[in-house]
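Undergrad: For reference, the file structure.pdb (PDB, C-alpha atoms, pLDDT in the B column) is included below:
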```pdb
ATOM      1  CA  MET A  48     -18.581  -0.390   4.015  1.00 40.00           C
ATOM      2  CA  GLY A  49     -18.826  -3.021   6.719  1.00 40.00           C
ATOM      3  CA  ASP A  50     -16.050  -4.005   9.089  1.00 39.00           C
ATOM      4  CA  GLU A  51     -13.527  -4.723   6.328  1.00 41.00           C
ATOM      5  CA  ALA A  52     -12.012  -1.230   6.332  1.00 44.00           C
ATOM      6  CA  ASP A  53     -10.914   0.950   9.195  1.00 41.00           C
ATOM      7  CA  ARG A  54     -12.673   4.274   9.346  1.00 42.00           C
ATOM      8  CA  ALA A  55     -10.770   7.522   9.448  1.00 48.00           C
ATOM      9  CA  GLY A  56     -12.278  10.977   9.895  1.00 44.00           C
ATOM     10  CA  ASN A  57     -14.145  12.573   7.044  1.00 48.00           C
ATOM     11  CA  GLY A  58     -11.743  13.092   4.188  1.00 46.00           C
ATOM     12  CA  PRO A  59     -11.090  16.223   2.189  1.00 49.00           C
ATOM     13  CA  ALA A  60     -13.431  17.471  -0.539  1.00 64.00           C
ATOM     14  CA  HIS A  61     -10.928  16.008  -3.014  1.00 85.00           C
ATOM     15  CA  PRO A  62     -10.187  12.448  -1.855  1.00 95.00           C
ATOM     16  CA  ARG A  63      -6.767  10.882  -2.179  1.00 97.00           C
ATOM     17  CA  THR A  64      -5.722   7.309  -2.831  1.00 98.00           C
ATOM     18  CA  ALA A  65      -2.407   6.217  -1.319  1.00 98.00           C
ATOM     19  CA  VAL A  66      -1.046   3.003  -2.848  1.00 98.00           C
ATOM     20  CA  LEU A  67       1.703   1.522  -0.675  1.00 98.00           C
ATOM     21  CA  VAL A  68       4.229  -0.471  -2.726  1.00 98.00           C
ATOM     22  CA  GLY A  69       6.901  -2.630  -1.133  1.00 97.00           C
ATOM     23  CA  LEU A  70       7.942  -5.955   0.319  1.00 96.00           C
ATOM     24  CA  GLN A  71       6.270  -7.529   3.287  1.00 94.00           C
ATOM     25  CA  ALA A  72       7.883  -6.239   6.511  1.00 93.00           C
ATOM     26  CA  SER A  73       9.183  -3.103   4.758  1.00 94.00           C
ATOM     27  CA  GLY A  74       7.395  -0.665   7.085  1.00 94.00           C
ATOM     28  CA  LYS A  75       4.237  -0.003   5.053  1.00 95.00           C
ATOM     29  CA  SER A  76       1.740  -0.660   7.849  1.00 93.00           C
ATOM     30  CA  THR A  77       3.767   1.274  10.407  1.00 94.00           C
ATOM     31  CA  PHE A  78       4.018   4.184   7.979  1.00 97.00           C
ATOM     32  CA  TYR A  79       0.249   4.037   7.432  1.00 96.00           C
ATOM     33  CA  ARG A  80      -0.447   4.151  11.186  1.00 95.00           C
ATOM     34  CA  ARG A  81       1.955   7.043  11.795  1.00 95.00           C
ATOM     35  CA  HIS A  82       1.342   9.194   8.723  1.00 96.00           C
ATOM     36  CA  LEU A  83      -1.931   8.344   6.983  1.00 97.00           C
ATOM     37  CA  ALA A  84      -4.347   6.805   9.504  1.00 96.00           C
ATOM     38  CA  HIS A  85      -5.608  10.189  10.717  1.00 96.00           C
ATOM     39  CA  ASP A  86      -7.288  10.954   7.395  1.00 95.00           C
ATOM     40  CA  HIS A  87      -7.178   7.816   5.205  1.00 97.00           C
ATOM     41  CA  VAL A  88      -9.426   4.760   5.451  1.00 96.00           C
ATOM     42  CA  LEU A  89      -7.360   1.562   5.444  1.00 95.00           C
ATOM     43  CA  VAL A  90      -8.054  -1.072   2.801  1.00 92.00           C
ATOM     44  CA  SER A  91      -5.863  -4.162   2.868  1.00 88.00           C
ATOM     45  CA  LYS A  92      -6.311  -7.702   1.616  1.00 72.00           C
ATOM     46  CA  ASP A  93      -4.464  -8.772   4.782  1.00 70.00           C
ATOM     47  CA  ARG A  94      -7.594  -7.857   6.734  1.00 61.00           C
ATOM     48  CA  PHE A  95      -9.746 -10.337   4.799  1.00 52.00           C
ATOM     49  CA  PRO A  96     -10.041 -13.926   6.026  1.00 56.00           C
ATOM     50  CA  ARG A  97      -7.392 -16.187   4.501  1.00 63.00           C
ATOM     51  CA  SER A  98     -10.164 -18.197   2.871  1.00 63.00           C
ATOM     52  CA  ALA A  99     -11.829 -15.127   1.349  1.00 59.00           C
ATOM     53  CA  ARG A 100     -12.448 -15.338  -2.373  1.00 64.00           C
ATOM     54  CA  HIS A 101     -12.171 -12.552  -4.919  1.00 68.00           C
ATOM     55  CA  LYS A 102      -9.934 -10.422  -2.705  1.00 71.00           C
ATOM     56  CA  GLN A 103      -9.015  -8.025  -5.510  1.00 77.00           C
ATOM     57  CA  ARG A 104     -12.670  -7.440  -6.410  1.00 84.00           C
ATOM     58  CA  ARG A 105     -13.543  -6.951  -2.748  1.00 84.00           C
ATOM     59  CA  GLN A 106     -10.671  -4.512  -2.269  1.00 87.00           C
ATOM     60  CA  LEU A 107     -11.750  -2.465  -5.315  1.00 92.00           C
ATOM     61  CA  ARG A 108     -15.324  -2.367  -4.030  1.00 91.00           C
ATOM     62  CA  LEU A 109     -14.181  -1.031  -0.642  1.00 92.00           C
ATOM     63  CA  LEU A 110     -11.903   1.493  -2.318  1.00 94.00           C
ATOM     64  CA  GLY A 111     -14.703   2.705  -4.582  1.00 95.00           C
ATOM     65  CA  GLU A 112     -17.212   2.951  -1.737  1.00 95.00           C
ATOM     66  CA  ALA A 113     -14.874   5.035   0.411  1.00 95.00           C
ATOM     67  CA  LEU A 114     -13.927   7.350  -2.445  1.00 96.00           C
ATOM     68  CA  ALA A 115     -17.573   7.752  -3.472  1.00 95.00           C
ATOM     69  CA  ALA A 116     -18.236   8.902   0.091  1.00 95.00           C
ATOM     70  CA  GLY A 117     -15.482  11.517  -0.301  1.00 95.00           C
ATOM     71  CA  ARG A 118     -13.002   9.727   1.946  1.00 96.00           C
ATOM     72  CA  SER A 119      -9.315   9.264   1.279  1.00 97.00           C
ATOM     73  CA  VAL A 120      -8.028   5.682   1.212  1.00 97.00           C
ATOM     74  CA  ALA A 121      -4.697   3.954   1.801  1.00 97.00           C
ATOM     75  CA  VAL A 122      -4.245   0.567   0.114  1.00 96.00           C
ATOM     76  CA  ASP A 123      -1.738  -1.313   2.267  1.00 94.00           C
ATOM     77  CA  ASN A 124      -0.631  -4.384   0.342  1.00 92.00           C
ATOM     78  CA  THR A 125       2.639  -5.258  -1.381  1.00 93.00           C
ATOM     79  CA  ASN A 126       1.237  -3.981  -4.724  1.00 95.00           C
ATOM     80  CA  PRO A 127       4.446  -5.159  -6.434  1.00 96.00           C
ATOM     81  CA  SER A 128       3.617  -4.475 -10.080  1.00 96.00           C
ATOM     82  CA  PRO A 129       1.301  -2.712 -12.527  1.00 97.00           C
ATOM     83  CA  ARG A 130      -0.984  -5.757 -12.510  1.00 95.00           C
ATOM     84  CA  GLU A 131      -1.921  -4.907  -8.916  1.00 94.00           C
ATOM     85  CA  TRP A 132      -1.818  -1.128  -9.016  1.00 95.00           C
ATOM     86  CA  GLU A 133      -3.446  -0.366 -12.402  1.00 97.00           C
ATOM     87  CA  PRO A 134      -6.993  -1.197 -11.146  1.00 96.00           C
ATOM     88  CA  LEU A 135      -6.361   0.912  -8.024  1.00 97.00           C
ATOM     89  CA  ILE A 136      -5.246   3.873 -10.131  1.00 98.00           C
ATOM     90  CA  ALA A 137      -8.252   3.502 -12.439  1.00 97.00           C
ATOM     91  CA  CYS A 138     -10.673   3.322  -9.509  1.00 97.00           C
ATOM     92  CA  GLY A 139      -9.106   6.324  -7.812  1.00 97.00           C
ATOM     93  CA  HIS A 140      -9.209   8.449 -10.944  1.00 97.00           C
ATOM     94  CA  ALA A 141     -12.772   7.325 -11.742  1.00 96.00           C
ATOM     95  CA  HIS A 142     -13.788   8.818  -8.383  1.00 96.00           C
ATOM     96  CA  GLY A 143     -11.856  12.050  -8.914  1.00 96.00           C
ATOM     97  CA  ALA A 144      -9.108  11.143  -6.441  1.00 97.00           C
ATOM     98  CA  THR A 145      -5.438  11.908  -6.777  1.00 97.00           C
ATOM     99  CA  VAL A 146      -3.444   8.684  -6.658  1.00 98.00           C
ATOM    100  CA  THR A 147      -0.032   8.637  -4.989  1.00 98.00           C
ATOM    101  CA  ALA A 148       2.364   5.694  -4.877  1.00 98.00           C
ATOM    102  CA  TYR A 149       4.368   5.371  -1.667  1.00 98.00           C
ATOM    103  CA  TRP A 150       7.424   3.370  -2.741  1.00 98.00           C
ATOM    104  CA  PHE A 151       9.331   1.420  -0.101  1.00 97.00           C
ATOM    105  CA  PRO A 152      12.600   0.427  -1.863  1.00 97.00           C
ATOM    106  CA  PRO A 153      13.411  -3.219  -1.280  1.00 96.00           C
ATOM    107  CA  ASP A 154      15.792  -4.272   1.466  1.00 94.00           C
ATOM    108  CA  LEU A 155      15.406  -8.035   1.241  1.00 96.00           C
ATOM    109  CA  ALA A 156      17.714  -8.820   4.177  1.00 95.00           C
ATOM    110  CA  GLY A 157      15.985  -6.257   6.415  1.00 93.00           C
ATOM    111  CA  SER A 158      12.510  -7.468   5.452  1.00 94.00           C
ATOM    112  CA  LEU A 159      13.493 -11.094   6.087  1.00 95.00           C
ATOM    113  CA  GLU A 160      14.838 -10.125   9.522  1.00 94.00           C
ATOM    114  CA  ARG A 161      11.754  -8.079  10.490  1.00 93.00           C
ATOM    115  CA  ASN A 162       9.465 -10.792   9.144  1.00 94.00           C
ATOM    116  CA  ALA A 163      11.246 -13.480  11.200  1.00 95.00           C
ATOM    117  CA  ALA A 164      10.446 -11.461  14.338  1.00 94.00           C
ATOM    118  CA  ARG A 165       6.719 -11.465  13.538  1.00 92.00           C
ATOM    119  CA  GLU A 166       4.356 -13.919  15.148  1.00 90.00           C
ATOM    120  CA  GLY A 167       1.237 -15.693  13.974  1.00 87.00           C
ATOM    121  CA  ARG A 168      -0.589 -14.620  10.850  1.00 79.00           C
ATOM    122  CA  THR A 169       1.596 -11.564  10.362  1.00 83.00           C
ATOM    123  CA  ARG A 170       4.642 -13.719   9.565  1.00 89.00           C
ATOM    124  CA  VAL A 171       4.904 -14.409   5.844  1.00 91.00           C
ATOM    125  CA  PRO A 172       6.564 -17.618   4.628  1.00 92.00           C
ATOM    126  CA  GLU A 173      10.055 -16.717   3.387  1.00 93.00           C
ATOM    127  CA  VAL A 174       9.238 -18.152  -0.036  1.00 95.00           C
ATOM    128  CA  GLY A 175       6.362 -15.670  -0.324  1.00 93.00           C
ATOM    129  CA  LEU A 176       8.547 -12.719   0.579  1.00 94.00           C
ATOM    130  CA  ARG A 177      11.162 -13.808  -1.962  1.00 96.00           C
ATOM    131  CA  ALA A 178       8.459 -14.250  -4.634  1.00 96.00           C
ATOM    132  CA  THR A 179       7.261 -10.688  -4.002  1.00 96.00           C
ATOM    133  CA  PHE A 180      10.860  -9.477  -4.274  1.00 97.00           C
ATOM    134  CA  ARG A 181      11.117 -11.022  -7.754  1.00 96.00           C
ATOM    135  CA  GLN A 182       7.877  -9.286  -8.865  1.00 96.00           C
ATOM    136  CA  LEU A 183       8.553  -5.921  -7.245  1.00 97.00           C
ATOM    137  CA  ARG A 184       8.912  -2.935  -9.568  1.00 97.00           C
ATOM    138  CA  ARG A 185       9.300   0.713  -8.651  1.00 97.00           C
ATOM    139  CA  PRO A 186       6.177   2.689  -9.555  1.00 97.00           C
ATOM    140  CA  ARG A 187       6.548   5.721 -11.827  1.00 96.00           C
ATOM    141  CA  ARG A 188       4.353   8.667 -12.668  1.00 96.00           C
ATOM    142  CA  ASP A 189       4.049   7.400 -16.243  1.00 95.00           C
ATOM    143  CA  ASP A 190       2.292   4.328 -14.790  1.00 97.00           C
ATOM    144  CA  GLY A 191      -0.630   6.692 -14.122  1.00 97.00           C
ATOM    145  CA  PHE A 192       0.208   7.863 -10.608  1.00 97.00           C
ATOM    146  CA  ASP A 193      -0.267  11.560  -9.913  1.00 97.00           C
ATOM    147  CA  ALA A 194       2.752  11.439  -7.594  1.00 96.00           C
ATOM    148  CA  VAL A 195       5.405   8.944  -6.513  1.00 97.00           C
ATOM    149  CA  LEU A 196       7.013   9.302  -3.084  1.00 97.00           C
ATOM    150  CA  GLU A 197       9.919   7.228  -1.801  1.00 97.00           C
ATOM    151  CA  VAL A 198       9.702   6.159   1.850  1.00 98.00           C
ATOM    152  CA  ARG A 199      12.738   4.943   3.801  1.00 96.00           C
ATOM    153  CA  PHE A 200      13.511   4.255   7.437  1.00 92.00           C
ATOM    154  CA  ASP A 201      15.355   7.260   8.851  1.00 92.00           C
ATOM    155  CA  GLY A 202      17.545   5.307  11.308  1.00 85.00           C
ATOM    156  CA  ARG A 203      15.845   6.975  14.297  1.00 91.00           C
ATOM    157  CA  GLY A 204      12.638   4.938  14.342  1.00 88.00           C
ATOM    158  CA  GLY A 205      10.827   7.081  11.788  1.00 93.00           C
ATOM    159  CA  PHE A 206      10.663   7.615   8.059  1.00 96.00           C
ATOM    160  CA  THR A 207      11.952  10.008   5.445  1.00 96.00           C
ATOM    161  CA  VAL A 208       9.755  10.737   2.453  1.00 97.00           C
ATOM    162  CA  ARG A 209      11.009  12.289  -0.762  1.00 96.00           C
ATOM    163  CA  PRO A 210       9.362  12.881  -4.134  1.00 96.00           C
ATOM    164  CA  LEU A 211      10.404  10.890  -7.220  1.00 94.00           C
ATOM    165  CA  ASP A 212       9.837  11.309 -10.969  1.00 82.00           C
ATOM    166  CA  GLY A 213       9.245  15.048 -10.938  1.00 83.00           C
ATOM    167  CA  THR A 214       6.621  14.861  -8.203  1.00 81.00           C
ATOM    168  CA  PRO A 215       6.345  18.356  -6.689  1.00 82.00           C
ATOM    169  CA  ALA A 216       7.892  18.567  -3.208  1.00 72.00           C
TER     170      ALA A 216
END
```
Spell out the structure here as structure tokens.

TA:
Amino acid sequence: MGDEADRAGNGPAHPRTAVLVGLQASGKSTFYRRHLAHDHVLVSKDRFPRSARHKQRRQLRLLGEALAAGRSVAVDNTNPSPREWEPLIACGHAHGATVTAYWFPPDLAGSLERNAAREGRTRVPEVGLRATFRQLRRPRRDDGFDAVLEVRFDGRGGFTVRPLDGTPA
């Protein structure tokens, strides 16, 4: 898979695909590190060089390679709409993986504040964050996800996760 994806330990016999959906600076990467990194390979377009071409194709290739090897994968991008997540769902299901959306409900003011505190490449131009906000749609099970989980800050430095759309608890 090259150096484009972080490696986690060998995944379960039945791999999982976690699709993180939310604004920039909404806590997705922190949630990945705290809750998924131990058993999910990280795939993120943010890890590609800014000048990289065909980022979506590259991301799908990395996702498919990891799943084919039996490893679970977390896709940490904004993934704001079906246009972005439909290919991820199709790839996951084609490899026999369950596909779960982790929905980070938008808090535009909070994301703008957290983003302003970022430095260097991690800071997103405000116009980009606002453009993502306009595109952002909550994922649903009828979009093809096997489960949809809502993730929120818990006010104590962590996260609360709850199932949505009839996802079993």

Undergrad: What residues come out when you apply the PyMOL selection byres ((chain A and resi 119) around 7) to this file, written as a compact mmCIF listing (two decimals) with C-alpha atoms, in the frame of the given file?

TA:
```txt
# COMPACT_ATOMS: atom_id res chain seq x y z
CA GLY A 58 -11.74 13.09 4.19
CA PRO A 62 -10.19 12.45 -1.86
CA ARG A 63 -6.77 10.88 -2.18
CA THR A 64 -5.72 7.31 -2.83
CA ASP A 86 -7.29 10.95 7.40
CA HIS A 87 -7.18 7.82 5.20
CA VAL A 88 -9.43 4.76 5.45
CA LEU A 114 -13.93 7.35 -2.44
CA GLY A 117 -15.48 11.52 -0.30
CA ARG A 118 -13.00 9.73 1.95
CA VAL A 120 -8.03 5.68 1.21
```

Undergrad: What would the list of residues within 10 Å of (-15.1, 3.1, -1.7) (file frame) look like as a PyMOL selection string, if all atoms listed in the file are what count?

TA: chain A and resi 48+52+88+90+106-120+138-139+142

Undergrad: Counting all atoms listed in the file, which residue out of A:Arg81, A:His61, A:Leu70, A:Ile136 sits closest to Gly205 in chain A?

TA: A:Arg81

Undergrad: To one decimal place, how far is CA of Pro152 in chain A from CA of Gly204 in chain A in Å?

TA: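 So the answer is 16.8 Å.
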
Undergrad: To one decimal in Å, tell me the separation between CA of Arg209 in chain A and CA of Ala141 in chain A.

TA: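 Separation of CA of Arg209 in chain A and CA of Ala141 in chain A: 26.7 Å.
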
Undergrad: Please list as an MDAnalysis selection string every residue within 8 Å of Pro186 in chain A, counting only C-alpha atoms and excluding residues in the same chain fewer than 5 positions away.

TA: chainID A and resid 68 128:129 148 150 192 195

Undergrad: Residues picked by the PyMOL selection byres ((chain A and resi 175) around 12) here, as a PDB file with C-alpha atoms, keeping the file's coordinate frame?

TA:
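part_19.pdb was written with the following content:
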```
ATOM      1  CA  LEU A  70       7.942  -5.955   0.319  1.00 96.00           C
ATOM      2  CA  GLN A  71       6.270  -7.529   3.287  1.00 94.00           C
ATOM      3  CA  ALA A  72       7.883  -6.239   6.511  1.00 93.00           C
ATOM      4  CA  THR A 125       2.639  -5.258  -1.381  1.00 93.00           C
ATOM      5  CA  LEU A 155      15.406  -8.035   1.241  1.00 96.00           C
ATOM      6  CA  SER A 158      12.510  -7.468   5.452  1.00 94.00           C
ATOM      7  CA  LEU A 159      13.493 -11.094   6.087  1.00 95.00           C
ATOM      8  CA  ASN A 162       9.465 -10.792   9.144  1.00 94.00           C
ATOM      9  CA  ARG A 170       4.642 -13.719   9.565  1.00 89.00           C
ATOM     10  CA  VAL A 171       4.904 -14.409   5.844  1.00 91.00           C
ATOM     11  CA  PRO A 172       6.564 -17.618   4.628  1.00 92.00           C
ATOM     12  CA  GLU A 173      10.055 -16.717   3.387  1.00 93.00           C
ATOM     13  CA  VAL A 174       9.238 -18.152  -0.036  1.00 95.00           C
ATOM     14  CA  LEU A 176       8.547 -12.719   0.579  1.00 94.00           C
ATOM     15  CA  ARG A 177      11.162 -13.808  -1.962  1.00 96.00           C
ATOM     16  CA  ALA A 178       8.459 -14.250  -4.634  1.00 96.00           C
ATOM     17  CA  THR A 179       7.261 -10.688  -4.002  1.00 96.00           C
ATOM     18  CA  PHE A 180      10.860  -9.477  -4.274  1.00 97.00           C
ATOM     19  CA  ARG A 181      11.117 -11.022  -7.754  1.00 96.00           C
ATOM     20  CA  GLN A 182       7.877  -9.286  -8.865  1.00 96.00           C
TER      21      GLN A 182
END
```

Undergrad: What does the distance from CA of Val66 in chain A to CA of Glu160 in chain A come to in Å, to one decimal?

TA: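 According to the coordinates, CA of Val66 in chain A and CA of Glu160 in chain A are separated by 24.0 Å.
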